[in-house]
Amino acid sequence: MDSTMTQTIAQKLTAIRQHMAAANLDAFIVPRADEYLGEYVPEHNQRLLWCSDFTGSAGTVIILKDRAAIFTDGRYTIQVKQQVNAECFEFYHLVDTPHMAWLSEQLPADANVGFDAKVHNLNWYQDSLATLTEQHMNLVAVDQNPVDLSWADRPQPTQNMGLLLEQKYTGLSSLEKRQQIGADIAKQGADAAIISALDSIAWLLNIRGKDIHCFCVILGSAVLMKDGSMTFFTDPAKIPAGFAQHVGAGVTIVAEAEATATYKNLGKQGLNVLADPETSNAFSQLTAQTSGATLIAGLDPVATPKACKNSTELFGMQQAHIRDAASEIRFLAWLEAEVAQGNLYDEGFLSDKLTEFRASNENYVELSFDTISAAGSNAAMCHYNHMNGTPAMLPMDSIYLVDSGAQYLDGTTDITRTVAIGTPSAEHKKMFTLVLKGHIALAQMKFPAGTNGAQLDSLARQFLWQQGYDYDHGTGHGVGCFLNVHEGPQRIAKNANAVALEPGMVVSNEPGYYKQDEYGIRCENLIYVVEKGNGHDGKTFYQFETLTLVPFDLRLIEQSLLTKDEVNWINSYHVEVKAKISASLTGSDLAWLEQATQAI
Ligand SMILES: [Mn+2]
C-alpha cells in the first residue's frame with residue numbers, strides 16, 4: 001500500500017485479514033492496551049483506535065474473516081456508535097457480552113484465535129485459554145502483530161530524552177530502593193522479578209521521561225534480580241548522560257528488542273521469577289516459563305514501597321500542593337470576578353486559563369491529566385472532556401466543575417472544585433452539601449492498622465445513600481509522587497480490595513453526585529495516611545492529613561444540613577488554607593482568599 005495514502009477502516013481491516021490468513025488465523029483480538037499495559041497508551045501504540053476510529057479509554061476489537069465486532073463499556077455506548085463505522089463493526093457491551101464468550105460462540109471447533117501476547121496480561125491469557133479450550137479452539141500467540149504489519153503510516157515512538165530525578169526529591173537512591181526490593185523478592189522465594197509497570201521502573205531508577213502525555217515515564221520494561229541488580233529494556237538514546245553514576249552499581253541498559261533473550265535466560269537458569277499477572281504482559285512470563293523458569297504470581301514488588309511515600313516525597317507533595325493551590329485560587333478568584341461582570345466563557349477557555357496559572361509555577365512539568373472543565377449539564381458526565389466536541393459556554397445560575405492537576409518535580413496534584421456561577425438553586429446547595437459531608441466524614445476518620453479502602457468507602461457515601469442517592473465511581477485512587485495520577489495498589493472504592501492503607505499512602509477523597517442532563521458535583525482533595533498514636537489496648541490507629549489547600553465554595557453550602565462538628569471541620573480547614581497560601585498571593589487574589597475562607 002502506498003504509505004502516502006490514508007487507509008480507510010475497510011482497507012485496514014482487509015490488510016489485517018490478509019495477514020491473518022497468512023498466519024492461518026480465524027480471528028484476531030485487538031485490545032486497547034499496548035505492551036506496557038498502562039492506563040495511557042502512546043500514539044504509536046493506539047492499535048485499537050487505528051483499526052476502528054474509537055477514541056475511548058477501554059474496549060476490545062475482534063476481527064473475524066468476514067465480520068468484526070467492538071466491545072465497550074457503559075461509559076461509551078453512545079460515543080462508540082458515533083465514532084465507529086457500523087458497516088464494518090458490530091457493537092457489544094463488554095459486561096453483557098464478554099468478548100471471549102462471544103468469540104467462542106462464533107467459530108467452529110479447531111478454530112485458531114490469534115492474539116499478541118505482548119498486549120495482554122497473564123490473567124487475561126489464562127482466562128481466555130480456559131474459555132477457548134472448553135470449546136476445543138486454539139489460542140495462538142502471533143510472532144508479529146497483524147495490526148503492526150498493516151499500519152502504513154504508523155507514527156514513530158517519541159524520542160524525548162529522559163530526566164535524572166535528584167535525591168532531594170526522591171529521598172532514597174536507586175541503589176537503596178533496588179537492594180530493599182531485591183530483598184523483598186528473595187523473601188518471596190524468587191530469584192528475579194519482571195517489573196512492567198512504567199511508573200514502577202521510573203521510581204526504582206529515580207528517572208522520569210516524556211514518552212506519554214501527562215505521565216512522565218520512559219517506555220520500557222525491566223528485570224530486577226534479588227541482589228538488586230537490574231536490566232532496563234528501553235531505547236538507550238533516551239538515557240541521559242550521568243545515568244550510571246545516578247543509579248549506582250548494577251543497572252544495565254539494553255535495547256527493548258533484546259528483552260526476549262533475557263526472559264529466556266531466566267528460564268535456562270531455572271530461576272524462580274516473580275511477576276504480577278495483572279500488570280505484566282503474558283509474553284514476558286510465558287517466554288520465561290517455557291524456557292524453564294518457575295513463575296511466582298504476586299503483586300508488583302515495587303507497588304507498595306512506591307505507594308508509601310517517604311518523608312522526602314511527602315514534603316515534596318506538600319510543597320507542590322502549596323504552589324498548585326495558589327494557582328487554583330488565582331483561577332477561582334479570576335473566574336468569580338469575571339462572572340460578577342457578566343463575562344461567561346467556554347470550557348476550553350477556562351481550562352486553558354487554569355493551565356496558564358499553573359504553568360508559571362516553580363518545578364512545573366506538565367498537567368497530570370487532561371483537565372475536566374465541565375459547565376452545567378456536561379458535569380453530569382464524570383469523565384467529560386471538552387476536547388471531544390464543541391466546548392460549552394458557562395450558563396448563568398449554574399454550577400461549574402473543574403477537575404485538574406499537574407506534575408511538578410516534587411509532586412503530583414489532583415483537585416476538583418465545584419463552584420457557583422451566579423445564584424445556585426436550593427437543590428444545587430442541598431446536593432453539594434451532602435457530597436461535602438461525605439468528604440468530611442472520610443477526611444476525619446480514624447481507623448485501625450489493617451483497614452482497607454473498601455471498608456472506608458461508604459463513609460463518603462452515607463449521607464447520599466440515606467436520601468437514596470449514589471455516585472457511579474470510586475471514592476479515592478492512589479496518587480504517585482511526580483508519577484502516575486492514578487496509582488495502586490490501594491484505593492477507596494466499593495469493590496473488594498484487600499490492600500490495607502498504610503502510612504505515607506496518598507489517596508484522593510472525591511465523592512460526587514451527578515444528575516443526568518442537569519449538573520455534576522465533586523469535592524476532591526488529596527489526603528495521606530499518618531499514624532497518630534490514637535490507639536488503645538495496644539492497637540495502632542491511622543488517620544488522614546490533607547494535602548490540597550483550596551477553599552470549598554461557601555455559596556454552595558446549605559448550613560442547616562451541617563452538624564457543629566462539620567462546620568468546625570470546614571472552618572479549621574479554611575484557617576489552614578489561609579495560613580498556608582496567603583503568603584503566595586497579593587491584591588485581589590489575597591482579598592478573595594480572605595473572603596472565601598471566612599468562618600461560617
Ligand atoms: Mn482524582
# chains A, B, ... in the order shown; residues from 1 in each chain; ligands from 1
>>> closest_atom_pairs(of="chain A", to="ligand 1", cutoff="12 Å", atoms="only C-alpha atoms and all ligand atoms", output="tab-separated table")
residue	atom	partner	partner_atom_place_in_ligand_line	distance
A:Ser368	CA	ligand 1	1 (Mn)	10.1
A:Phe369	CA	ligand 1	1 (Mn)	9.4
A:Asp370	CA	ligand 1	1 (Mn)	11.4
A:Thr371	CA	ligand 1	1 (Mn)	10.8
A:Ile372	CA	ligand 1	1 (Mn)	10.5
A:Cys382	CA	ligand 1	1 (Mn)	10.8
A:His383	CA	ligand 1	1 (Mn)	10.8
A:Val402	CA	ligand 1	1 (Mn)	11.1
A:Asp403	CA	ligand 1	1 (Mn)	7.4
A:Ser404	CA	ligand 1	1 (Mn)	8.1
A:Gly405	CA	ligand 1	1 (Mn)	8.6
A:Ala406	CA	ligand 1	1 (Mn)	11.5
A:Thr412	CA	ligand 1	1 (Mn)	11.0
A:Thr413	CA	ligand 1	1 (Mn)	8.8
A:Asp414	CA	ligand 1	1 (Mn)	5.4
A:Ile415	CA	ligand 1	1 (Mn)	6.5
A:Thr416	CA	ligand 1	1 (Mn)	7.4
A:Arg417	CA	ligand 1	1 (Mn)	11.1
A:His473	CA	ligand 1	1 (Mn)	10.6
A:Gly474	CA	ligand 1	1 (Mn)	9.5
A:Thr475	CA	ligand 1	1 (Mn)	8.8
A:Gly476	CA	ligand 1	1 (Mn)	7.0
A:His477	CA	ligand 1	1 (Mn)	6.6
A:Gly478	CA	ligand 1	1 (Mn)	8.6
A:Val479	CA	ligand 1	1 (Mn)	8.3
A:Gly480	CA	ligand 1	1 (Mn)	11.6
A:Asn484	CA	ligand 1	1 (Mn)	11.1
A:Val485	CA	ligand 1	1 (Mn)	7.4
A:His486	CA	ligand 1	1 (Mn)	7.5
A:Glu487	CA	ligand 1	1 (Mn)	10.6
A:Arg491	CA	ligand 1	1 (Mn)	11.1
A:Ile492	CA	ligand 1	1 (Mn)	11.4
A:Val506	CA	ligand 1	1 (Mn)	11.2
A:Val507	CA	ligand 1	1 (Mn)	8.5
A:Ser508	CA	ligand 1	1 (Mn)	5.7
A:Asn509	CA	ligand 1	1 (Mn)	7.8
A:Glu510	CA	ligand 1	1 (Mn)	6.7
A:Pro511	CA	ligand 1	1 (Mn)	9.9
A:Gly512	CA	ligand 1	1 (Mn)	11.2
A:Arg522	CA	ligand 1	1 (Mn)	9.8
A:Cys523	CA	ligand 1	1 (Mn)	9.7
A:Glu524	CA	ligand 1	1 (Mn)	6.8
A:Asn525	CA	ligand 1	1 (Mn)	8.1
A:Leu526	CA	ligand 1	1 (Mn)	8.0
A:Ile527	CA	ligand 1	1 (Mn)	11.1
A:Thr548	CA	ligand 1	1 (Mn)	11.7
>>> closest_atom_pairs(of="stretch 42-111 of chain A", to="stretch 215-229 of chain A", cutoff="12 Å", atoms="only C-alpha atoms", output="CSV")
residue,atom,partner,partner_atom,distance
A:Pro42,CA,A:Leu219,CA,9.3
A:His44,CA,A:Leu219,CA,11.9
A:Asn45,CA,A:Leu219,CA,11.4
>>> residues_around(residues="A:Phe283", least_positions_apart="5", cutoff="10 Å", atoms="only C-alpha atoms", output="ChimeraX atom specification")
/A:35,116-122,125,141,260,263,288-289
>>> write_last_selection(atoms="C-alpha atoms", output="mmCIF file, in the first residue's frame")
data_model
loop_
_atom_site.group_PDB
_atom_site.id
_atom_site.type_symbol
_atom_site.label_atom_id
_atom_site.label_comp_id
_atom_site.auth_asym_id
_atom_site.auth_seq_id
_atom_site.Cartn_x
_atom_site.Cartn_y
_atom_site.Cartn_z
ATOM 1 C CA GLU A 35 2.956 -3.604 25.521
ATOM 2 C CA ASP A 116 -0.386 -10.700 20.590
ATOM 3 C CA ALA A 117 0.918 -11.878 23.981
ATOM 4 C CA LYS A 118 2.732 -8.580 24.474
ATOM 5 C CA VAL A 119 -0.515 -6.591 24.775
ATOM 6 C CA HIS A 120 -2.437 -8.816 27.211
ATOM 7 C CA ASN A 121 -1.688 -9.629 30.829
ATOM 8 C CA LEU A 122 -1.224 -13.195 32.040
ATOM 9 C CA TYR A 125 -4.375 -15.165 28.761
ATOM 10 C CA ALA A 141 0.213 -16.192 20.009
ATOM 11 C CA THR A 260 13.203 -11.809 24.858
ATOM 12 C CA TYR A 263 13.428 -13.739 29.655
ATOM 13 C CA ALA A 288 10.429 -17.252 30.831
ATOM 14 C CA GLN A 289 8.172 -20.161 31.760
#
>>> residues_around(residues="A:Glu90", least_positions_apart="4", cutoff="10 Å", atoms="only C-alpha atoms", output="PyMOL selection string")
chain A and resi 61-62+67-71+81+84-86
>>> select_by_dssp(residues="stretch 72-193 of chain A", states="strand (DSSP E)", output="ChimeraX atom specification")
/A:72,90-93,112-115,138-141,163-164,192-193
>>> residues_around(residues="A:Gln490", least_positions_apart="4", cutoff="7 Å", atoms="only C-alpha atoms", output="PyMOL selection string")
chain A and resi 453+478+499-501
>>> residues_around(residues="stretch 46-53 of chain A", least_positions_apart="4", cutoff="10 Å", atoms="only C-alpha atoms", output="PyMOL selection string")
chain A and resi 7-13+16+29-34+40-42+57-63+68-70+80+82-85+88-89+145+147-148+150-151+154-155
>>> select_by_dssp(residues="stretch 272-504 of chain A", states="alpha helix (DSSP H)", output="JSON, numbers by chain")
{"A": [282, 283, 284, 285, 286, 287, 288, 289, 290, 303, 304, 305, 306, 307, 311, 312, 313, 314, 315, 316, 317, 318, 319, 320, 321, 322, 323, 324, 325, 326, 327, 328, 329, 330, 331, 332, 333, 334, 335, 336, 337, 338, 339, 340, 347, 348, 349, 350, 351, 352, 353, 354, 355, 356, 357, 358, 359, 426, 427, 428, 429, 430, 431, 432, 433, 434, 435, 436, 437, 438, 439, 440, 441, 442, 443, 444, 453, 454, 455, 456, 457, 458, 459, 460, 461, 462, 463, 464, 465, 466]}
